[in-house]
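*Asks:* Just entry_2.tsv, nothing more (TSV, C-alpha atoms and all ligand atoms):
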```tsv
chain	number	residue	atom	x	y	z
O	1	MET	CA	109.07	103.94	134.63
O	2	THR	CA	107.63	104.16	131.14
O	3	HIS	CA	108.68	102.59	127.86
O	4	PHE	CA	108.06	104.00	124.37
O	5	LEU	CA	107.07	100.93	122.38
O	6	ASN	CA	103.90	101.93	120.50
O	7	LEU	CA	102.19	105.26	119.94
O	8	ILE	CA	98.89	103.65	120.89
O	9	ASP	CA	100.14	103.51	124.52
O	10	LEU	CA	100.15	107.33	124.66
O	11	SER	CA	97.11	109.52	125.23
O	12	ALA	CA	96.32	112.43	122.90
O	13	ASP	CA	97.61	114.80	125.61
O	14	GLU	CA	100.90	112.91	125.85
O	15	VAL	CA	101.36	113.02	122.06
O	16	LYS	CA	100.60	116.76	122.07
O	17	HIS	CA	103.02	117.31	124.95
O	18	LEU	CA	105.81	115.55	123.02
O	19	LEU	CA	105.13	117.64	119.90
O	20	THR	CA	105.16	120.87	121.91
O	21	GLU	CA	108.38	119.83	123.60
O	22	ALA	CA	109.93	118.82	120.26
O	23	ALA	CA	109.05	122.23	118.76
O	24	ARG	CA	110.58	123.93	121.82
O	25	LEU	CA	113.78	121.86	121.55
O	26	LYS	CA	113.95	122.57	117.81
O	27	THR	CA	113.80	126.33	118.40
O	28	ALA	CA	116.32	126.13	121.25
O	29	HIS	CA	118.70	124.12	119.06
O	30	ALA	CA	118.37	126.61	116.18
O	31	ARG	CA	119.17	129.45	118.58
O	32	GLY	CA	122.12	127.61	120.08
O	33	ILE	CA	120.51	127.40	123.53
O	34	PRO	CA	121.87	124.29	125.28
O	35	THR	CA	119.55	121.74	126.91
O	36	ARG	CA	121.39	119.29	129.13
O	37	THR	CA	118.64	116.99	130.38
O	38	LEU	CA	120.73	113.86	129.73
O	39	ALA	CA	123.92	115.02	131.49
O	40	GLY	CA	125.62	111.99	133.05
O	41	LYS	CA	123.25	109.53	131.32
O	42	VAL	CA	124.24	106.72	128.97
O	43	VAL	CA	121.80	105.52	126.31
O	44	GLY	CA	122.42	102.25	124.46
O	45	LEU	CA	121.38	101.76	120.82
O	46	ILE	CA	121.05	98.16	119.73
O	47	PHE	CA	120.03	97.67	116.10
O	48	GLU	CA	119.28	94.34	114.40
O	49	LYS	CA	118.65	96.10	111.07
O	50	PRO	CA	120.41	98.90	109.17
O	51	SER	CA	119.55	102.54	109.84
O	52	LEU	CA	120.65	106.01	108.81
O	53	ARG	CA	118.06	108.42	110.20
O	54	THR	CA	117.12	106.67	113.43
O	55	ARG	CA	120.62	105.84	114.56
O	56	VAL	CA	122.23	109.16	113.63
O	57	SER	CA	119.39	111.33	114.96
O	58	PHE	CA	119.38	109.43	118.26
O	59	GLU	CA	123.16	109.68	118.63
O	60	SER	CA	123.17	113.39	117.76
O	61	GLY	CA	120.16	114.08	119.96
O	62	ILE	CA	121.76	112.33	122.93
O	63	ALA	CA	124.94	114.38	122.40
O	64	HIS	CA	122.91	117.63	122.22
O	65	LEU	CA	121.27	116.75	125.53
O	66	GLY	CA	124.64	116.18	127.22
O	67	GLY	CA	124.38	112.38	127.37
O	68	THR	CA	126.52	109.59	125.95
O	69	SER	CA	125.35	107.04	123.39
O	70	LEU	CA	126.65	103.57	122.82
O	71	TYR	CA	125.86	101.80	119.53
O	72	LEU	CA	125.90	98.00	119.39
O	73	PRO	CA	124.87	95.88	116.39
O	74	GLY	CA	122.28	93.27	117.40
O	75	ASN	CA	124.44	90.32	116.35
O	76	GLU	CA	127.32	91.55	118.48
O	77	VAL	CA	125.35	91.45	121.74
O	78	GLY	CA	123.66	88.21	120.70
O	79	LEU	CA	120.21	89.49	121.59
O	80	GLY	CA	117.93	86.45	121.88
O	81	TRP	CA	120.47	83.77	120.95
O	82	ARG	CA	123.47	84.30	123.25
O	83	GLU	CA	121.23	84.57	126.30
O	84	THR	CA	117.54	85.05	126.93
O	85	HIS	CA	115.87	88.43	126.44
O	86	ALA	CA	115.16	88.50	130.17
O	87	ASP	CA	118.81	87.91	131.14
O	88	PHE	CA	119.93	90.46	128.55
O	89	ALA	CA	117.50	93.07	129.92
O	90	ARG	CA	118.40	92.45	133.56
O	91	THR	CA	122.11	92.81	132.78
O	92	ILE	CA	122.10	95.82	130.51
O	93	ALA	CA	119.89	97.90	132.81
O	94	HIS	CA	122.86	98.05	135.23
O	95	TYR	CA	124.96	99.87	132.65
O	96	LEU	CA	122.48	102.07	130.81
O	97	ASP	CA	119.87	104.71	131.64
O	98	ALA	CA	117.76	103.89	128.57
O	99	LEU	CA	117.83	101.47	125.67
O	100	VAL	CA	116.89	102.23	122.04
O	101	LEU	CA	116.14	99.00	120.16
O	102	ARG	CA	115.53	98.27	116.45
O	103	VAL	CA	114.35	94.70	116.01
O	104	TYR	CA	112.93	92.29	113.45
O	105	ARG	CA	110.21	90.97	115.73
O	106	HIS	CA	108.17	93.27	117.92
O	107	ASP	CA	107.90	90.57	120.61
O	108	THR	CA	111.65	91.01	121.19
O	109	LEU	CA	110.88	94.57	122.33
O	110	ASP	CA	108.07	93.38	124.58
O	111	ALA	CA	110.29	90.69	126.14
O	112	VAL	CA	113.17	93.11	126.80
O	113	ALA	CA	110.86	95.85	128.12
O	114	GLN	CA	109.15	93.41	130.47
O	115	HIS	CA	112.45	92.70	132.24
O	116	ALA	CA	114.28	96.04	131.85
O	117	SER	CA	114.26	98.46	134.76
O	118	VAL	CA	115.21	101.32	132.41
O	119	PRO	CA	113.07	102.81	129.61
O	120	VAL	CA	113.07	100.93	126.31
O	121	ILE	CA	112.42	102.88	123.08
O	122	ASN	CA	111.20	101.24	119.88
O	123	ALA	CA	113.50	102.35	117.06
O	124	LEU	CA	111.38	100.32	114.55
O	125	SER	CA	109.98	96.82	114.68
O	126	ASP	CA	107.93	94.80	112.20
O	127	TRP	CA	104.83	96.07	114.03
O	128	SER	CA	105.38	99.78	114.56
O	129	HIS	CA	107.64	102.81	114.19
O	130	PRO	CA	106.45	105.31	116.81
O	131	CYS	CA	109.54	107.56	116.59
O	132	GLN	CA	108.81	108.03	112.90
O	133	ALA	CA	105.14	108.84	113.51
O	134	LEU	CA	105.98	111.58	116.02
O	135	ALA	CA	108.27	113.26	113.47
O	136	ASP	CA	105.56	112.87	110.82
O	137	LEU	CA	102.99	114.56	113.07
O	138	LEU	CA	105.36	117.42	113.88
O	139	THR	CA	105.98	117.90	110.14
O	140	ILE	CA	102.25	117.96	109.35
O	141	GLN	CA	101.71	120.44	112.21
O	142	GLU	CA	104.45	122.70	110.82
O	143	LEU	CA	103.12	122.48	107.26
O	144	PHE	CA	99.44	123.07	108.03
O	145	GLY	CA	99.36	124.71	111.47
O	146	SER	CA	97.70	121.66	113.05
O	147	VAL	CA	97.19	117.95	112.49
O	148	GLU	CA	93.53	118.06	113.46
O	149	GLY	CA	91.17	118.20	110.50
O	150	ARG	CA	93.76	117.19	107.90
O	151	THR	CA	93.38	114.21	105.54
O	152	VAL	CA	96.41	111.93	105.27
O	153	ALA	CA	96.48	109.30	102.50
O	154	PHE	CA	99.08	106.59	103.02
O	155	ILE	CA	99.87	104.89	99.69
O	156	GLY	CA	101.58	101.59	100.40
O	157	ASP	CA	100.98	98.54	102.52
O	158	GLY	CA	99.51	98.53	106.03
O	159	ASN	CA	103.00	98.23	107.52
O	160	ASN	CA	104.81	99.38	110.68
O	161	VAL	CA	105.01	103.02	109.51
O	162	ALA	CA	101.37	103.09	108.37
O	163	ARG	CA	100.10	101.63	111.67
O	164	SER	CA	101.93	104.17	113.81
O	165	LEU	CA	100.89	107.09	111.63
O	166	ALA	CA	97.27	105.92	111.57
O	167	VAL	CA	97.28	105.86	115.38
O	168	GLY	CA	98.88	109.31	115.56
O	169	CYS	CA	96.30	110.73	113.15
O	170	GLY	CA	93.49	109.09	115.11
O	171	ARG	CA	94.79	110.52	118.40
O	172	LEU	CA	95.08	114.06	116.99
O	173	GLY	CA	91.88	114.14	114.93
O	174	ALA	CA	93.18	113.76	111.37
O	175	ARG	CA	91.49	111.52	108.80
O	176	PHE	CA	93.70	108.63	107.67
O	177	VAL	CA	93.09	106.65	104.47
O	178	LEU	CA	95.12	103.62	103.40
O	179	GLY	CA	95.52	103.21	99.63
O	180	CYS	CA	96.87	99.71	98.88
O	181	PRO	CA	96.36	96.67	96.66
O	182	ALA	CA	93.76	94.21	97.95
O	183	GLY	CA	95.35	91.88	100.49
O	184	TYR	CA	97.94	94.43	101.69
O	185	GLY	CA	95.76	96.41	104.10
O	186	PHE	CA	95.79	96.56	107.89
O	187	ASP	CA	95.60	93.22	109.69
O	188	PRO	CA	92.74	92.26	112.01
O	189	LYS	CA	94.89	92.53	115.16
O	190	PHE	CA	95.66	96.17	114.40
O	191	LYS	CA	92.02	96.86	113.61
O	192	ALA	CA	90.95	95.37	116.95
O	193	ASP	CA	93.57	97.41	118.85
O	194	TYR	CA	92.66	100.61	117.04
O	195	VAL	CA	88.92	100.27	117.58
O	196	ALA	CA	89.40	99.39	121.26
O	197	ARG	CA	91.97	102.07	122.08
O	198	VAL	CA	91.87	104.91	119.52
O	199	ALA	CA	88.48	105.41	117.83
O	200	LYS	CA	85.42	103.48	116.74
O	201	ASP	CA	85.86	104.58	113.11
O	202	PHE	CA	88.68	102.52	111.66
O	203	PRO	CA	90.63	104.18	108.78
O	204	ALA	CA	89.23	103.43	105.32
O	205	GLU	CA	91.11	101.08	103.01
O	206	VAL	CA	90.84	101.97	99.33
O	207	ASN	CA	92.26	99.61	96.70
O	208	ASP	CA	92.73	102.37	94.14
O	209	ALA	CA	95.44	104.99	94.53
O	210	ALA	CA	93.61	107.87	92.79
O	211	ALA	CA	90.47	107.30	94.87
O	212	ALA	CA	92.56	107.06	98.07
O	213	VAL	CA	94.21	110.49	97.60
O	214	LYS	CA	90.98	112.34	96.80
O	215	GLY	CA	90.87	115.38	99.10
O	216	ALA	CA	94.21	114.48	100.72
O	217	ASP	CA	96.28	117.26	102.30
O	218	VAL	CA	99.17	114.82	102.70
O	219	ILE	CA	100.20	111.87	100.54
O	220	TYR	CA	102.54	109.60	102.49
O	221	THR	CA	104.43	106.67	101.07
O	222	ASP	CA	107.01	104.10	102.15
O	223	VAL	CA	108.93	101.30	100.43
O	224	TRP	CA	106.77	98.47	99.11
O	225	THR	CA	109.07	95.86	100.64
O	226	SER	CA	110.05	96.46	104.25
O	227	MET	CA	113.21	95.14	105.88
O	228	GLY	CA	112.68	91.44	106.54
O	229	GLN	CA	110.29	90.97	103.57
O	230	GLU	CA	112.97	90.78	100.87
O	231	ALA	CA	111.75	87.38	99.61
O	232	GLU	CA	108.42	89.03	98.60
O	233	ARG	CA	110.05	91.83	96.62
O	234	GLU	CA	109.34	90.61	93.05
O	235	GLU	CA	105.70	89.87	93.82
O	236	ARG	CA	105.23	93.20	95.59
O	237	LEU	CA	106.79	95.15	92.69
O	238	LYS	CA	104.02	93.77	90.44
O	239	LYS	CA	101.18	94.16	92.93
O	240	PHE	CA	102.04	97.78	93.85
O	241	GLU	CA	102.76	99.00	90.30
O	242	SER	CA	99.66	101.23	90.16
O	243	PHE	CA	100.35	102.66	93.65
O	244	GLN	CA	103.30	104.86	92.70
O	245	VAL	CA	103.31	108.42	94.02
O	246	ASN	CA	103.89	110.44	90.84
O	247	ALA	CA	102.71	113.72	89.27
O	248	LYS	CA	99.51	112.13	87.95
O	249	LEU	CA	98.56	110.89	91.42
O	250	LEU	CA	99.48	114.17	93.13
O	251	ALA	CA	97.15	116.00	90.70
O	252	GLN	CA	94.22	113.99	92.14
O	253	ALA	CA	94.83	115.22	95.71
O	254	ALA	CA	93.73	118.50	97.34
O	255	PRO	CA	95.40	121.69	96.08
O	256	GLY	CA	98.55	122.36	98.12
O	257	CYS	CA	98.94	118.67	98.99
O	258	LYS	CA	102.31	117.80	100.54
O	259	VAL	CA	104.20	114.55	100.07
O	260	LEU	CA	105.92	112.75	102.93
O	261	HIS	CA	108.08	109.60	103.01
O	262	CYS	CA	109.80	108.08	106.03
O	263	LEU	CA	112.87	107.29	103.84
O	264	PRO	CA	114.91	105.54	102.61
O	265	ALA	CA	113.08	105.94	99.28
O	266	HIS	CA	113.25	103.52	96.40
O	267	ARG	CA	113.10	106.17	93.68
O	268	GLY	CA	111.29	104.95	90.59
O	269	GLU	CA	109.30	102.42	92.62
O	270	GLU	CA	106.93	103.90	95.24
O	271	ILE	CA	107.86	107.50	94.35
O	272	THR	CA	109.25	109.27	91.28
O	273	ASP	CA	112.26	111.59	91.20
O	274	ASP	CA	110.18	114.62	90.16
O	275	ILE	CA	108.00	114.25	93.27
O	276	MET	CA	110.91	113.53	95.64
O	277	ASP	CA	112.78	116.59	94.33
O	278	GLY	CA	109.76	118.78	93.64
O	279	PRO	CA	108.01	121.53	95.62
O	280	ALA	CA	105.32	119.30	97.16
O	281	ALA	CA	107.82	117.06	98.95
O	282	ALA	CA	108.76	117.80	102.55
O	283	VAL	CA	110.67	114.57	103.09
O	284	PHE	CA	113.99	116.05	104.20
O	285	PRO	CA	112.57	118.50	106.79
O	286	GLN	CA	110.48	115.49	107.89
O	287	ALA	CA	113.68	113.42	108.33
O	288	GLY	CA	115.19	116.38	110.22
O	289	ASN	CA	112.29	116.33	112.65
O	290	ARG	CA	113.32	112.86	113.82
O	291	LEU	CA	116.04	114.61	115.83
O	292	HIS	CA	113.75	116.95	117.73
O	293	THR	CA	110.92	114.51	118.43
O	294	GLN	CA	113.33	111.84	119.71
O	295	LYS	CA	115.00	114.39	121.99
O	296	ALA	CA	111.53	115.11	123.37
O	297	VAL	CA	110.93	111.38	123.94
O	298	LEU	CA	114.28	110.96	125.73
O	299	GLY	CA	113.62	113.96	127.96
O	300	TRP	CA	110.11	112.69	128.76
O	301	LEU	CA	111.27	109.16	129.65
O	302	LEU	CA	114.35	110.22	131.61
O	303	LYS	CA	112.87	113.19	133.45
J	401	LIG	N1	112.92	106.32	108.51
J	401	LIG	C1	113.86	105.59	109.15
J	401	LIG	O1	113.59	105.01	110.21
J	401	LIG	O2	115.07	105.56	108.55
J	401	LIG	P1	116.29	104.62	108.92
J	401	LIG	O3	115.86	103.21	108.61
J	401	LIG	O4	117.42	105.09	108.06
J	401	LIG	O5	116.57	104.77	110.39
J	402	LIG	N1	108.59	100.03	106.42
J	402	LIG	C1	110.03	100.22	106.33
J	402	LIG	C2	110.41	101.47	107.06
J	402	LIG	C3	111.87	101.80	107.04
J	402	LIG	C4	112.19	103.04	107.83
J	402	LIG	C5	110.75	99.01	106.90
J	402	LIG	O1	110.30	98.49	107.93
J	402	LIG	O2	111.74	98.59	106.32
```
Could I get this structure in the form of structure tokens?
*Replies:*
Amino acid sequence: MTHFLNLIDLSADEVKHLLTEAARLKTAHARGIPTRTLAGKVVGLIFEKPSLRTRVSFESGIAHLGGTSLYLPGNEVGLGWRETHADFARTIAHYLDALVLRVYRHDTLDAVAQHASVPVINALSDWSHPCQALADLLTIQELFGSVEGRTVAFIGDGNNVARSLAVGCGRLGARFVLGCPAGYGFDPKFKADYVARVAKDFPAEVNDAAAAVKGADVIYTDVWTSMGQEAEREERLKKFESFQVNAKLLAQAAPGCKVLHCLPAHRGEEITDDIMDGPAAAVFPQAGNRLHTQKAVLGWLLK
């Protein structure tokens, strides 16, 4: 039994397999060919934080695969305060075939996964967002033919989305650069993990947005204040002011550069309207790919 908690737990071959499977499922869905790998299965979705893309794409994907989904807000099940994570995990595994969890603290995922006898999928934690990274990699593959050899500049802080994408790029042979204000880069724990398990060359951190996007095939951005960091918002707005993805920044990147964003976007903060709505942006097809990559993950875990 395998969980899907961090992309770093997957080998390059496993990531490639999931992308191939996602592309196959995407084509099958477009052609109306049914895939019923989850027939008779029930998948629980427990979310401590709000979600549009993750929740809806999981629920739709489970329906496409012939399974049933059950959505429960985190406070309703009392995850971590009504009973221990271990007791929660041991109970819920009797009812469900898999559990999709969005949590504030990544150690909640680890604690549940440790005691759950069914697969646990990370639907975003403060540490990582592996479902997002798989969709990002599929999008880059579709846009450029392959991920290998591309340069991806992430403009924002070294957050959950950035960590997972950096790992995905490292696994598939793309160069990843983090453009962020000083003090908002990757933390030492991530660096240690990455160097031990992905590659000796840790992604460069550049404290200047224009320098970070030089030669970039993809500029990626995310909100400056992640869920759970709301108290830091005013300070972050000031610190990240010169890290906005706008027309001037895009002009510094490689010709044909594409812009990605995990969404939701704070238009006028990390990204301008003209970029979000312009020809370089591929953010909505990227959001669409969440459906296909997550269906691949479900099929892989529940095979
Ligand atoms: N990108 C993403 O995970 O979106 P949601 O928070 O809406 O699920
Ligand atoms: N970094 C953001 C991603 C939202 C999908 C957050 O954690 O809020």
*Asks:* Residues within 10 Å of Gly183 in chain O, please, as a PDB file with C-alpha atoms, in the coordinates of the input. Count only C-alpha atoms; anything in the same chain fewer than 2 positions from it doesn't count.
*Replies:*
```
ATOM      1  CA  ASP O 157     100.980  98.540 102.520  1.00  0.00           C
ATOM      2  CA  GLY O 158      99.510  98.530 106.030  1.00  0.00           C
ATOM      3  CA  CYS O 180      96.870  99.710  98.880  1.00  0.00           C
ATOM      4  CA  PRO O 181      96.360  96.670  96.660  1.00  0.00           C
ATOM      5  CA  GLY O 185      95.760  96.410 104.100  1.00  0.00           C
ATOM      6  CA  PHE O 186      95.790  96.560 107.890  1.00  0.00           C
ATOM      7  CA  ASP O 187      95.600  93.220 109.690  1.00  0.00           C
ATOM      8  CA  ASN O 207      92.260  99.610  96.700  1.00  0.00           C
ATOM      9  CA  LYS O 239     101.180  94.160  92.930  1.00  0.00           C
TER      10      LYS O 239
END
```
*Asks:* Name the residues in contact with range 136-142 of chain O at a cut-off of 7 Å, using only C-alpha atoms, excluding same-chain residues fewer than 6 positions from it; report them as a PyMOL selection string.
*Replies:* chain O and resi 19+286+289
*Asks:* May I ask for the distance between CA of Leu263 in chain O and atom O5 of ligand LIG 401 (chain J), given in Å to one decimal place?
*Replies:* 7.9 Å
*Asks:* Of the candidates O:Ala281, O:Cys257, O:Met227, O:Ala63, which shows the shortest atom-to-atom distance to ligand LIG 402 (chain J), using only C-alpha atoms and all ligand atoms?
*Replies:*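 Among the listed residues, the smallest separation from ligand LIG 402 (chain J) belongs to O:Met227.
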*Asks:* If we count all atoms listed in the file and set the cut-off at 9 Å, which residues sit around Gly156 in chain O, ignoring sequence neighbours fewer than 6 positions away in its own chain? Please answer as an MDAnalysis selection string.
*Replies:* chainID O and resid 162 178:181 184:185 220:224 240 243:244 270
*Asks:* Which residue gives the smallest distance to ligand LIG 402 (chain J) among O:Asp87, O:Glu21, O:Glu148, O:Glu230, with only C-alpha atoms and all ligand atoms counted?
*Replies:*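 Nearest to ligand LIG 402 (chain J): O:Glu230.
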*Asks:* Using all atoms listed in the file, which residues have at least one atom no more than 8 Å from ligand LIG 402 (chain J)? Output them as a VMD selection string.
*Replies:* chain O and resid 51 124 to 126 129 132 159 to 161 222 to 228 262 to 264
*Asks:* Restricting the output to C-alpha atoms, write the selected residues as a compact mmCIF listing (two decimals), in the coordinates of the input.
*Replies:*
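Once written, part.txt looks like this:
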```txt
# COMPACT_ATOMS: atom_id res chain seq x y z
CA SER O 51 119.55 102.54 109.84
CA LEU O 124 111.38 100.32 114.55
CA SER O 125 109.98 96.82 114.68
CA ASP O 126 107.93 94.80 112.20
CA HIS O 129 107.64 102.81 114.19
CA GLN O 132 108.81 108.03 112.90
CA ASN O 159 103.00 98.23 107.52
CA ASN O 160 104.81 99.38 110.68
CA VAL O 161 105.01 103.02 109.51
CA ASP O 222 107.01 104.10 102.15
CA VAL O 223 108.93 101.30 100.43
CA TRP O 224 106.77 98.47 99.11
CA THR O 225 109.07 95.86 100.64
CA SER O 226 110.05 96.46 104.25
CA MET O 227 113.21 95.14 105.88
CA GLY O 228 112.68 91.44 106.54
CA CYS O 262 109.80 108.08 106.03
CA LEU O 263 112.87 107.29 103.84
CA PRO O 264 114.91 105.54 102.61
```
*Asks:* How would you write as an mmCIF file with C-alpha atoms, in the frame of the given file the residues that get within 9 Å of (97.9, 106.3, 122.0) in the file's frame, counting all atoms listed in the file?
*Replies:*
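Result file follows (result_7.cif):
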```cif
data_model
loop_
_atom_site.group_PDB
_atom_site.id
_atom_site.type_symbol
_atom_site.label_atom_id
_atom_site.label_comp_id
_atom_site.auth_asym_id
_atom_site.auth_seq_id
_atom_site.Cartn_x
_atom_site.Cartn_y
_atom_site.Cartn_z
ATOM 1 C CA ASN O 6 103.900 101.930 120.500
ATOM 2 C CA LEU O 7 102.190 105.260 119.940
ATOM 3 C CA ILE O 8 98.890 103.650 120.890
ATOM 4 C CA ASP O 9 100.140 103.510 124.520
ATOM 5 C CA LEU O 10 100.150 107.330 124.660
ATOM 6 C CA SER O 11 97.110 109.520 125.230
ATOM 7 C CA ALA O 12 96.320 112.430 122.900
ATOM 8 C CA GLU O 14 100.900 112.910 125.850
ATOM 9 C CA VAL O 15 101.360 113.020 122.060
ATOM 10 C CA VAL O 167 97.280 105.860 115.380
ATOM 11 C CA GLY O 168 98.880 109.310 115.560
ATOM 12 C CA GLY O 170 93.490 109.090 115.110
ATOM 13 C CA ARG O 171 94.790 110.520 118.400
ATOM 14 C CA ARG O 197 91.970 102.070 122.080
ATOM 15 C CA VAL O 198 91.870 104.910 119.520
#
```
*Asks:* How big is the axis-aligned box, and where does its centre sit, when it encloses all atoms of range 3-9 of chain O listed in the file and has 5 Å added on every side, reported in Å to one decimal as lines of an AutoDock Vina configuration file?
*Replies:*
```
center_x = 103.8
center_y = 103.1
center_z = 123.9
size_x = 19.8
size_y = 14.3
size_z = 17.9
```
*Asks:* Pick from O:Val103, O:Leu291, O:Val43, O:Val283: nearest to His29 in chain O, with all atoms listed in the file counted?
*Replies:*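 Ranked by minimum distance to His29 in chain O, first place goes to O:Leu291.
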